[in-house]
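Student: Enclosed is the structure file start_19.tsv (TSV, C-alpha atoms).
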chain	number	residue	atom	x	y	z
A	584	MET	CA	-57.85	14.74	43.60
A	585	LYS	CA	-55.79	13.78	46.60
A	586	ALA	CA	-56.11	16.09	49.56
A	587	MET	CA	-52.94	17.89	50.57
A	588	GLU	CA	-51.37	16.39	53.63
A	589	THR	CA	-50.91	18.71	56.58
A	590	THR	CA	-47.28	19.71	56.82
A	591	ASN	CA	-45.18	18.87	59.84
A	592	GLU	CA	-44.77	22.55	60.56
A	593	GLU	CA	-48.56	23.09	60.56
A	594	LEU	CA	-49.05	20.09	62.81
A	595	PHE	CA	-46.44	21.33	65.25
A	596	SER	CA	-48.06	24.75	65.33
A	597	ARG	CA	-51.33	23.06	66.29
A	598	VAL	CA	-49.53	20.99	68.92
A	599	CYS	CA	-48.26	24.22	70.45
A	600	ASN	CA	-51.89	25.34	70.69
A	601	GLY	CA	-52.77	22.21	72.66
A	602	HIS	CA	-54.29	20.05	69.91
A	603	HIS	CA	-53.96	16.42	70.87
A	604	ASP	CA	-54.90	15.14	67.43
A	605	ALA	CA	-52.01	17.09	65.90
A	606	PHE	CA	-49.67	15.65	68.50
A	607	ASP	CA	-50.89	12.14	67.65
A	608	ALA	CA	-50.33	12.72	63.95
A	609	LEU	CA	-46.86	14.12	64.50
A	610	TYR	CA	-45.95	11.30	66.86
A	611	GLU	CA	-47.11	8.74	64.33
A	612	ARG	CA	-44.94	10.35	61.64
A	613	TYR	CA	-41.76	10.45	63.70
A	614	ALA	CA	-41.81	7.90	66.50
A	615	THR	CA	-40.57	4.90	64.53
A	616	LYS	CA	-37.86	6.86	62.71
A	617	LEU	CA	-36.62	8.38	65.94
A	618	PHE	CA	-36.74	4.97	67.57
A	619	ALA	CA	-34.73	3.42	64.73
A	620	TYR	CA	-32.09	6.11	64.97
A	621	ALA	CA	-31.88	5.90	68.76
A	622	ARG	CA	-31.65	2.11	68.60
A	623	THR	CA	-28.79	2.37	66.15
A	624	VAL	CA	-26.87	4.91	68.17
A	625	LEU	CA	-27.61	3.56	71.65
A	626	ARG	CA	-27.86	-0.12	70.65
A	627	ASN	CA	-30.53	-0.75	73.22
A	628	GLU	CA	-34.26	-0.97	72.45
A	629	ALA	CA	-35.56	0.06	75.87
A	630	LYS	CA	-33.32	3.11	75.91
A	631	ALA	CA	-34.40	3.92	72.38
A	632	VAL	CA	-38.07	3.91	73.42
A	633	ASP	CA	-37.22	6.24	76.32
A	634	MET	CA	-35.26	8.41	73.91
A	635	VAL	CA	-38.33	8.90	71.72
A	636	GLN	CA	-40.15	10.20	74.78
A	637	GLN	CA	-37.23	12.44	75.67
A	638	VAL	CA	-37.08	13.87	72.16
A	639	PHE	CA	-40.78	14.69	72.07
A	640	THR	CA	-40.55	16.24	75.51
A	641	SER	CA	-37.55	18.33	74.43
A	642	VAL	CA	-39.27	19.35	71.23
A	643	TYR	CA	-42.29	20.57	73.15
A	644	ALA	CA	-40.21	22.23	75.85
A	645	SER	CA	-38.14	24.14	73.30
A	646	ARG	CA	-41.05	24.96	70.98
A	647	ALA	CA	-40.35	28.67	71.38
A	648	THR	CA	-37.02	28.20	69.61
A	649	PHE	CA	-38.52	26.62	66.48
A	650	ASN	CA	-38.29	29.03	63.59
A	651	GLY	CA	-41.27	27.56	61.72
A	652	ARG	CA	-39.20	26.08	58.91
A	653	ASN	CA	-38.11	22.48	58.31
A	654	PHE	CA	-39.49	20.68	61.31
A	655	ASP	CA	-37.81	17.51	60.00
A	656	ALA	CA	-34.33	18.91	60.40
A	657	TRP	CA	-35.18	20.46	63.75
A	658	ILE	CA	-36.61	17.37	65.43
A	659	PHE	CA	-33.88	15.14	64.03
A	660	SER	CA	-31.19	17.50	65.22
A	661	ILE	CA	-32.73	17.40	68.72
A	662	ALA	CA	-32.74	13.61	68.48
A	663	ARG	CA	-29.14	13.53	67.31
A	664	HIS	CA	-27.91	15.68	70.16
A	665	ALA	CA	-29.95	13.79	72.74
A	666	CYS	CA	-28.70	10.41	71.53
A	667	LEU	CA	-25.08	11.49	71.35
A	668	ARG	CA	-25.30	13.01	74.80
A	669	GLU	CA	-26.80	9.80	76.15
A	670	LYS	CA	-24.14	7.76	74.41
A	671	ARG	CA	-21.36	9.85	75.91
A	672	ILE	CA	-22.83	9.37	79.39
A	673	GLU	CA	-23.15	5.66	78.72
A	674	GLN	CA	-19.56	5.34	77.58
A	675	ARG	CA	-18.37	7.08	80.72
A	676	THR	CA	-20.42	4.88	83.02
A	677	SER	CA	-20.38	1.46	81.33
A	678	PRO	CA	-17.82	1.30	78.54
A	679	LEU	CA	-18.03	-2.47	78.21
A	680	GLU	CA	-21.78	-2.67	77.81
A	681	ASP	CA	-22.67	-4.17	74.49
A	682	ALA	CA	-26.33	-4.57	73.82
A	683	ASP	CA	-27.24	-6.81	70.96
A	684	ASN	CA	-30.82	-6.61	69.86
A	685	ALA	CA	-30.48	-7.98	66.41
A	686	VAL	CA	-33.70	-9.34	65.07
A	687	ALA	CA	-33.29	-10.25	61.46
A	688	ASP	CA	-35.50	-11.62	58.82
A	689	GLU	CA	-33.54	-14.50	57.44
A	690	GLN	CA	-35.77	-15.37	54.49
A	691	GLY	CA	-33.72	-17.51	52.21
A	692	MET	CA	-30.44	-16.38	53.68
A	693	SER	CA	-27.95	-18.41	55.58
A	694	GLU	CA	-27.90	-17.45	59.24
A	695	VAL	CA	-24.13	-17.78	59.10
A	696	ASP	CA	-23.94	-15.17	56.32
A	697	LEU	CA	-26.22	-12.80	58.19
A	698	ASN	CA	-24.23	-13.16	61.37
A	699	LEU	CA	-21.07	-12.47	59.40
A	700	ILE	CA	-22.60	-9.30	58.01
A	701	ARG	CA	-23.86	-8.16	61.42
A	702	ALA	CA	-20.51	-8.80	63.04
A	703	ALA	CA	-18.70	-6.98	60.24
A	704	VAL	CA	-21.05	-3.99	60.50
A	705	ASP	CA	-20.64	-3.90	64.27
A	706	ALA	CA	-16.88	-3.87	63.82
A	707	LEU	CA	-16.95	-0.84	61.51
A	708	PRO	CA	-15.92	2.58	62.79
A	709	ASP	CA	-18.80	4.38	64.54
A	710	ASP	CA	-19.73	6.67	61.64
A	711	ASP	CA	-19.73	3.87	59.09
A	712	ARG	CA	-21.65	1.54	61.33
A	713	THR	CA	-24.30	4.15	62.07
A	714	ILE	CA	-24.96	5.01	58.47
A	715	ILE	CA	-25.07	1.39	57.34
A	716	ARG	CA	-27.45	0.49	60.13
A	717	LEU	CA	-29.71	3.46	59.41
A	718	ARG	CA	-29.84	2.65	55.72
A	719	TYR	CA	-30.20	-1.12	55.79
A	720	PHE	CA	-31.03	-2.35	59.28
A	721	ASP	CA	-33.49	0.47	60.01
A	722	ASP	CA	-34.54	0.91	56.36
A	723	LEU	CA	-34.49	4.71	56.50
A	724	SER	CA	-34.51	6.86	53.37
A	725	TYR	CA	-31.52	9.00	52.42
A	726	ASN	CA	-33.66	12.01	53.17
A	727	ASP	CA	-34.32	10.87	56.74
A	728	ILE	CA	-30.68	9.91	57.19
A	729	SER	CA	-29.55	13.30	55.97
A	730	ASN	CA	-31.84	15.02	58.47
A	731	LEU	CA	-30.83	12.73	61.31
A	732	LEU	CA	-27.13	13.24	60.67
A	733	GLY	CA	-27.39	16.87	59.71
A	734	ILE	CA	-25.87	16.37	56.26
A	735	THR	CA	-27.11	16.68	52.69
A	736	VAL	CA	-28.76	13.80	50.85
A	737	SER	CA	-25.77	13.64	48.51
A	738	ALA	CA	-23.37	13.47	51.44
A	739	ALA	CA	-25.49	10.70	52.95
A	740	LYS	CA	-25.20	8.67	49.74
A	741	VAL	CA	-21.46	9.24	49.56
A	742	ARG	CA	-21.03	8.18	53.16
A	743	VAL	CA	-23.10	5.05	52.63
A	744	PHE	CA	-21.04	4.26	49.55
A	745	ARG	CA	-17.75	4.64	51.40
A	746	ALA	CA	-19.00	2.63	54.34
A	747	ARG	CA	-20.15	-0.07	51.94
A	748	ARG	CA	-16.69	-0.16	50.33
A	749	THR	CA	-15.08	-0.55	53.74
A	750	LEU	CA	-17.56	-3.26	54.60
A	751	ALA	CA	-16.96	-5.05	51.31
A	752	ALA	CA	-13.22	-5.02	52.00
A	753	VAL	CA	-13.79	-6.45	55.48
A	754	LEU	CA	-16.08	-9.16	54.13
A	755	ARG	CA	-14.03	-10.05	51.06
A	756	PRO	CA	-12.05	-12.89	52.71
A	757	GLN	CA	-15.26	-14.51	53.97
A	758	PHE	CA	-17.10	-14.28	50.65
A	759	GLU	CA	-14.27	-14.96	48.22
A	760	ASP	CA	-15.28	-18.60	47.77
B	686	MET	CA	-15.29	12.37	42.85
B	687	GLU	CA	-18.11	12.68	45.38
B	688	ARG	CA	-20.60	13.10	42.57
B	689	ILE	CA	-19.38	9.83	41.09
B	690	GLU	CA	-19.60	8.08	44.43
B	691	GLU	CA	-23.16	9.33	44.83
B	692	LEU	CA	-24.01	8.05	41.38
B	693	LEU	CA	-22.44	4.70	42.12
B	694	MET	CA	-24.46	4.42	45.30
B	695	ASP	CA	-27.63	5.04	43.30
B	696	MET	CA	-26.56	2.31	40.92
B	697	ILE	CA	-25.93	-0.14	43.74
B	698	ASP	CA	-29.28	0.68	45.27
B	699	ASP	CA	-31.48	0.69	42.23
B	700	GLY	CA	-29.54	0.69	39.00
B	701	PRO	CA	-29.47	-2.06	36.39
B	702	THR	CA	-26.48	-4.35	36.24
B	703	GLU	CA	-25.45	-2.94	32.84
B	704	ALA	CA	-25.14	0.48	34.41
B	705	LEU	CA	-22.85	-0.99	36.99
B	706	ALA	CA	-20.71	-2.54	34.29
B	707	ASP	CA	-20.55	0.79	32.49
B	708	ALA	CA	-19.26	2.36	35.66
B	709	GLY	CA	-15.93	0.71	34.86
B	710	SER	CA	-15.50	3.10	31.98
B	711	LEU	CA	-15.61	6.15	34.25
B	712	PRO	CA	-12.15	7.69	34.07
B	713	ALA	CA	-11.84	8.52	37.75
B	714	LEU	CA	-12.31	4.96	38.89
B	715	ASP	CA	-9.76	2.27	39.41
B	716	SER	CA	-9.92	-0.93	37.41
B	717	THR	CA	-11.03	-3.14	40.30
B	718	LEU	CA	-14.10	-1.05	41.00
B	719	PRO	CA	-16.58	-2.80	38.67
B	720	GLN	CA	-15.94	-6.10	40.38
B	721	GLU	CA	-16.13	-4.41	43.76
B	722	LEU	CA	-19.45	-2.86	42.81
B	723	GLU	CA	-20.82	-6.26	41.83
B	724	THR	CA	-19.75	-7.60	45.21
B	725	MET	CA	-21.34	-4.67	47.00
B	726	ARG	CA	-24.52	-5.11	45.05
B	727	GLY	CA	-24.58	-8.78	46.01
B	728	GLN	CA	-24.10	-7.84	49.63
B	729	SER	CA	-27.04	-5.44	49.47
B	730	LEU	CA	-29.43	-8.37	49.69
B	731	LEU	CA	-27.66	-9.68	52.76
B	732	LEU	CA	-27.67	-6.26	54.36
B	733	LYS	CA	-31.36	-5.84	53.70
B	734	ALA	CA	-31.98	-9.27	55.19
B	735	CYS	CA	-30.37	-7.99	58.37
B	736	ALA	CA	-33.15	-5.42	58.70
B	737	GLU	CA	-34.40	-5.04	62.23
B	738	PRO	CA	-38.08	-4.19	61.99
B	739	ILE	CA	-39.58	-2.74	65.13
B	740	ASN	CA	-41.06	-5.68	66.97
B	741	ALA	CA	-44.66	-5.68	68.13
B	742	SER	CA	-43.92	-5.20	71.82
B	743	THR	CA	-41.72	-2.17	71.12
B	744	LEU	CA	-44.41	-0.81	68.85
B	745	ALA	CA	-46.92	-1.28	71.65
B	746	ALA	CA	-44.59	0.54	74.04
B	747	LEU	CA	-44.25	3.42	71.59
B	748	VAL	CA	-47.99	3.58	71.10
B	749	ALA	CA	-48.62	3.53	74.84
B	750	GLN	CA	-46.05	6.26	75.26
B	751	GLN	CA	-47.94	8.37	72.77
B	752	ALA	CA	-51.02	8.68	74.98
B	753	THR	CA	-48.97	9.37	78.08
B	754	LEU	CA	-46.85	11.99	76.35
B	755	SER	CA	-49.81	13.68	74.78
B	756	THR	CA	-51.49	14.04	78.16
B	757	SER	CA	-48.37	15.02	80.07
B	758	LEU	CA	-47.28	17.63	77.52
B	759	LEU	CA	-50.60	19.06	76.43
B	760	GLY	CA	-52.69	18.39	79.51
B	761	SER	CA	-55.94	16.50	79.84
B	762	ARG	CA	-57.62	15.37	76.70
B	763	ILE	CA	-60.96	16.62	78.01
B	764	ASP	CA	-61.41	19.65	75.86
B	765	VAL	CA	-63.15	22.86	76.78
B	766	PRO	CA	-66.50	22.21	75.08
B	767	ALA	CA	-66.71	18.84	76.86
B	768	ALA	CA	-65.89	20.48	80.17
B	769	VAL	CA	-68.54	23.14	79.59
B	770	LEU	CA	-71.10	20.49	78.69
B	771	TRP	CA	-70.18	18.55	81.78
B	772	SER	CA	-70.55	21.60	84.03
B	773	SER	CA	-73.93	22.31	82.48
B	774	ALA	CA	-75.01	18.76	83.13
B	775	VAL	CA	-73.97	19.10	86.77
B	776	VAL	CA	-76.03	22.27	87.13
B	777	VAL	CA	-79.09	20.61	85.58
B	778	VAL	CA	-78.79	17.57	87.83
B	779	ALA	CA	-78.24	19.77	90.86
B	780	THR	CA	-81.39	21.73	89.99
B	781	PHE	CA	-83.46	18.58	89.91
B	782	ILE	CA	-82.03	17.45	93.21
B	783	GLY	CA	-82.77	20.82	94.71
B	784	VAL	CA	-86.39	20.60	93.58
B	785	ALA	CA	-86.76	17.07	94.90
B	786	ALA	CA	-85.18	17.94	98.22
B	787	SER	CA	-87.47	20.93	98.66
B	788	MET	CA	-90.51	18.80	97.97
B	789	TRP	CA	-89.43	16.18	100.49
B	790	SER	CA	-88.70	18.61	103.21
B	791	ALA	CA	-91.64	19.73	105.39
B	792	ALA	CA	-89.65	22.53	106.93
B	793	PRO	CA	-90.87	26.06	106.16
B	794	GLN	CA	-88.37	26.90	103.48
B	795	PRO	CA	-88.66	27.91	99.87
B	796	GLN	CA	-89.91	25.13	97.59
B	797	PHE	CA	-87.28	25.83	95.01
B	798	GLU	CA	-83.71	26.84	95.32
B	799	GLY	CA	-82.23	28.29	92.20
B	800	PRO	CA	-79.67	26.32	90.29
B	801	ALA	CA	-76.83	28.73	90.99
B	802	ARG	CA	-77.24	28.41	94.74
B	803	VAL	CA	-77.57	24.63	94.60
B	804	ALA	CA	-74.65	24.19	92.28
B	805	THR	CA	-72.28	26.40	94.20
B	806	ALA	CA	-73.23	25.46	97.76
B	807	PRO	CA	-70.80	23.27	99.71
B	808	SER	CA	-71.55	19.67	98.97
B	809	THR	CA	-72.56	18.72	102.52
B	810	THR	CA	-75.12	21.50	102.74
B	811	VAL	CA	-76.80	21.26	99.40
B	812	VAL	CA	-79.40	18.88	100.72
B	813	SER	CA	-79.66	16.81	103.84
B	814	LYS	CA	-81.45	13.55	104.33
B	815	PRO	CA	-85.16	14.39	104.71
B	816	GLU	CA	-85.87	14.25	108.42
B	817	THR	CA	-89.53	15.20	108.46
B	818	ALA	CA	-90.84	13.52	105.39
B	819	PRO	CA	-93.51	10.84	105.84
B	820	PRO	CA	-92.00	7.45	106.74
B	821	ALA	CA	-92.82	5.88	103.40
B	822	LEU	CA	-91.20	8.70	101.49
B	823	ARG	CA	-88.26	8.69	103.87
B	824	GLN	CA	-87.87	4.98	103.30
B	825	GLN	CA	-87.97	5.53	99.55
B	826	ALA	CA	-85.36	8.23	99.81
B	827	SER	CA	-83.31	6.05	102.05
B	828	ASP	CA	-83.50	3.15	99.62
B	829	THR	CA	-82.58	5.30	96.71
B	830	TYR	CA	-79.89	7.35	98.38
B	831	PRO	CA	-78.90	5.37	101.42
B	832	THR	CA	-75.74	7.04	102.62
B	833	HIS	CA	-75.22	10.23	100.68
B	834	ALA	CA	-74.93	13.52	102.47
B	835	GLN	CA	-74.50	15.05	99.00
B	836	PRO	CA	-77.12	15.11	96.26
B	837	PRO	CA	-77.04	11.50	95.18
B	838	ALA	CA	-77.27	11.90	91.44
B	839	LEU	CA	-74.60	14.55	91.55
B	840	LEU	CA	-72.38	12.40	93.68
B	841	GLU	CA	-73.03	9.33	91.59
B	842	GLY	CA	-72.28	11.27	88.42
B	843	LYS	CA	-69.03	12.59	89.81
B	844	ALA	CA	-68.10	9.28	91.34
B	845	GLU	CA	-68.87	7.42	88.15
B	846	ARG	CA	-66.77	9.82	86.15
B	847	GLU	CA	-63.91	9.56	88.61
B	848	VAL	CA	-64.10	5.80	88.49
B	849	LEU	CA	-64.06	5.85	84.71
B	850	VAL	CA	-61.14	8.27	84.55
B	851	HIS	CA	-59.26	6.17	87.08
B	852	ARG	CA	-60.08	3.02	85.16
B	853	ARG	CA	-58.84	4.60	81.96
B	854	ASP	CA	-55.56	5.62	83.61
B	855	GLU	CA	-55.12	2.05	84.79
B	856	LEU	CA	-55.77	0.74	81.29
B	857	VAL	CA	-53.25	3.13	79.75
B	858	ALA	CA	-50.65	2.06	82.29
B	859	ALA	CA	-51.44	-1.60	81.65
B	860	ALA	CA	-51.21	-1.10	77.89
B	861	ARG	CA	-47.67	0.17	78.29
B	862	ARG	CA	-46.59	-3.11	79.80
B	863	ALA	CA	-48.80	-5.42	77.81
B	864	THR	CA	-48.01	-7.83	75.03
B	865	PRO	CA	-49.27	-6.66	71.63
B	866	ASP	CA	-52.50	-8.64	71.61
B	867	GLN	CA	-53.22	-7.68	75.21
B	868	ALA	CA	-52.40	-4.07	74.33
B	869	TYR	CA	-54.88	-4.23	71.44
B	870	ARG	CA	-57.68	-5.28	73.79
B	871	LEU	CA	-56.64	-2.70	76.35
B	872	TYR	CA	-56.79	0.07	73.77
B	873	ARG	CA	-60.21	-1.13	72.71
B	874	ASP	CA	-61.22	-0.88	76.37
B	875	ILE	CA	-59.71	2.61	76.61
B	876	TYR	CA	-61.75	3.53	73.55
B	877	ARG	CA	-64.95	2.27	75.21
B	878	VAL	CA	-64.23	4.02	78.51
B	879	SER	CA	-63.42	7.24	76.65
B	880	ASN	CA	-66.71	6.90	74.83
B	881	LEU	CA	-68.51	6.67	78.16
B	882	LEU	CA	-66.70	9.80	79.23
B	883	HIS	CA	-67.75	11.47	75.96
B	884	ASP	CA	-64.05	12.10	75.33
B	885	VAL	CA	-63.98	11.77	71.57
B	886	LYS	CA	-60.35	12.76	71.19
B	887	ALA	CA	-59.14	10.14	73.64
B	888	ALA	CA	-61.44	7.57	72.06
B	889	ARG	CA	-60.00	8.38	68.64
B	890	SER	CA	-56.44	8.17	69.95
B	891	ALA	CA	-57.10	4.80	71.58
B	892	LEU	CA	-58.67	3.51	68.39
B	893	ARG	CA	-55.68	4.64	66.36
B	894	SER	CA	-53.40	2.80	68.75
B	895	ALA	CA	-55.53	-0.32	68.53
B	896	LEU	CA	-55.58	0.00	64.74
B	897	ALA	CA	-51.77	0.25	64.60
B	898	LEU	CA	-51.42	-2.86	66.72
B	899	ALA	CA	-54.00	-4.76	64.69
B	900	GLU	CA	-52.26	-3.77	61.46
B	901	ALA	CA	-48.86	-4.79	62.86
B	902	ALA	CA	-50.28	-8.17	63.86
B	903	GLY	CA	-52.12	-8.60	60.56
B	904	MET	CA	-55.48	-9.01	62.28
B	905	ALA	CA	-57.68	-8.12	59.32
B	906	GLY	CA	-61.01	-8.33	61.14
B	907	ASP	CA	-59.81	-6.12	63.97
B	908	VAL	CA	-58.31	-3.64	61.52
B	909	GLU	CA	-61.66	-3.44	59.77
B	910	GLN	CA	-63.49	-2.96	63.07
B	911	CYS	CA	-61.13	-0.19	64.19
B	912	ARG	CA	-61.47	1.61	60.88
B	913	LEU	CA	-65.24	1.38	61.08
B	914	ASP	CA	-65.26	2.72	64.64
B	915	LEU	CA	-62.89	5.54	63.65
B	916	LYS	CA	-65.19	6.45	60.79
B	917	ASN	CA	-68.16	6.50	63.16
B	918	LEU	CA	-66.23	8.69	65.58
B	919	ASP	CA	-65.34	11.12	62.82
B	920	GLN	CA	-69.00	11.46	61.91
B	921	ARG	CA	-69.94	12.61	65.42
What would the structure in this file look like if it were written as structure tokens?
Tutor:
Amino acid sequence: MKAMETTNEELFSRVCNGHHDAFDALYERYATKLFAYARTVLRNEAKAVDMVQQVFTSVYASRATFNGRNFDAWIFSIARHACLREKRIEQRTSPLEDADNAVADEQGMSEVDLNLIRAAVDALPDDDRTIIRLRYFDDLSYNDISNLLGITVSAAKVRVFRARRTLAAVLRPQFED
Amino acid sequence: MERIEELLMDMIDDGPTEALADAGSLPALDSTLPQELETMRGQSLLLKACAEPINASTLAALVAQQATLSTSLLGSRIDVPAAVLWSSAVVVVATFIGVAASMWSAAPQPQFEGPARVATAPSTTVVSKPETAPPALRQQASDTYPTHAQPPALLEGKAEREVLVHRRDELVAAARRATPDQAYRLYRDIYRVSNLLHDVKAARSALRSALALAEAAGMAGDVEQCRLDLKNLDQR
């Protein structure tokens, strides 16, 4: 019989008691998801790595405010606010900055097609672009997306669907042949 | 309508093509939707091909950050039992030094100073270089402990530990900036240094980092080695 995995809430409780192994386990569960989200929002890998550190620091600093339920939603909401705050600062200070860190796996696909897709996604409105990137470029589950964006799983699916429709409309002229 | 959109998204993600075709019969949908859904489904492959996996150097940076964060947020990884053991070891070593110093010294003073006094005395007064010992013994002492005003074993133990801790800090810092394969070796080194420091938690953390890097790079032999070492650590 498979042993029950320690819950995130239990791990965080142990982190608060100074257990390094619990911190390591929690970090391993969240670091890449938080990085993916930060990369999508900030569009800069180095800043996304720093953001992961910032989120974990904030989480630990505000541990007294955690109510003991749904650590997922809590940490992702801290990440969301931190990223959006950083993005606002960035837009004020360097509105023309446009980091492009696309690294794609082009197995069997035309590079031209992939570049078309990337360009079309980048040209989408912010909300659409974010959700498409989280779902496909960062390969996050609807559950993670819903926690990151603070919406329900159903709402996440609906938003992906609508963004996909917009994207399909944008791409139609290029792919009509 | 939202329920239908959710359903359609499921179909685009996972559903069979027939299900997509059936979607055209849903009353709330416009007649162009089935074709649109086929297009979207076709584009799914392209979108997935645009995936941006976390590259190895970023992964290494995240892993390096883990050790730094853990220490900066939770404090030193040297846990209380280890610290207690270490203090005990210092007292034992100091006791031996006290005994040896008393034997060397010809001055009329007690042959044995209790461990508490030796351990808590200021370092420069715990024992001085034997001034009145026979020349041969003095030479031996001088050869063994040439320049120490402090009990040599105690000083060497402390110094060695400090050197190791410093070395480990350097390795952690280097791992943050290293390429993935360099980072793998650095984490293996951190594991070894932590072992020397009897810091099992840090050793385990370094091994996990090395394991993650080895897995990311597909280095099967190294993955196996890390797993084996982790297993051995867990059995301690």
Student: Could you tell me how far atom CA of B:Thr864 lies from atom CA of A:Tyr620, in Å and to one decimal?
Tutor: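 Taking atom CA of B:Thr864 as the start and atom CA of A:Tyr620 as the end point, the length is 23.4 Å.
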Student: For chain A, which of B:Pro738, B:Pro719, B:Gly727, B:Gly906 is the closest residue, counting all atoms listed in the file?
Tutor: B:Pro738
Student: Contacts from chain B to chain A, 7 Å maximum, all atoms listed in the file: show me the residue list as a PyMOL selection string.
Tutor: chain B and resi 687+690-691+694+725+731-738+747+751+755+759+762
Student: Mind pulling up the distance from atom CA of A:Ser645 to atom CA of A:Asn730?
Tutor: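 Between atom CA of A:Asn730 and atom CA of A:Ser645 the gap is 18.5 Å.
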Student: Up to 8 Å from (-28.6, 16.9, 63.3) in the file's coordinates: name the residues, counting all atoms listed in the file, as a PyMOL selection string.
Tutor: chain A and resi 656-657+659-664+730-734
Student: Quick one, how far is atom CA of A:Asn627 from atom CA of B:Asp854?
Tutor: 27.8 Å
Student: Taking all atoms listed in the file into account, name the residue in A:Thr749, A:Asn650, A:Ala665, A:Glu593 that is nearest to A:Asp710.
Tutor: A:Thr749
Student: Pick out the residues sitting within 8 Å of A:Lys670, and hand them over as a list in words; count all atoms listed in the file, and ignore anything fewer than 3 positions along from it in its own chain.
Tutor: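 Selected residues are Val624, Leu625, Cys666, Leu667, Glu673 and Gln674 of chain A.
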Student: May I have the residues from that selection written out with C-alpha atoms, as a tab-separated table (two decimals), keeping the file's coordinate frame?
Tutor:
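Result written to part.tsv:
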chain	number	residue	atom	x	y	z
A	624	VAL	CA	-26.87	4.91	68.17
A	625	LEU	CA	-27.61	3.56	71.65
A	666	CYS	CA	-28.70	10.41	71.53
A	667	LEU	CA	-25.08	11.49	71.35
A	673	GLU	CA	-23.15	5.66	78.72
A	674	GLN	CA	-19.56	5.34	77.58
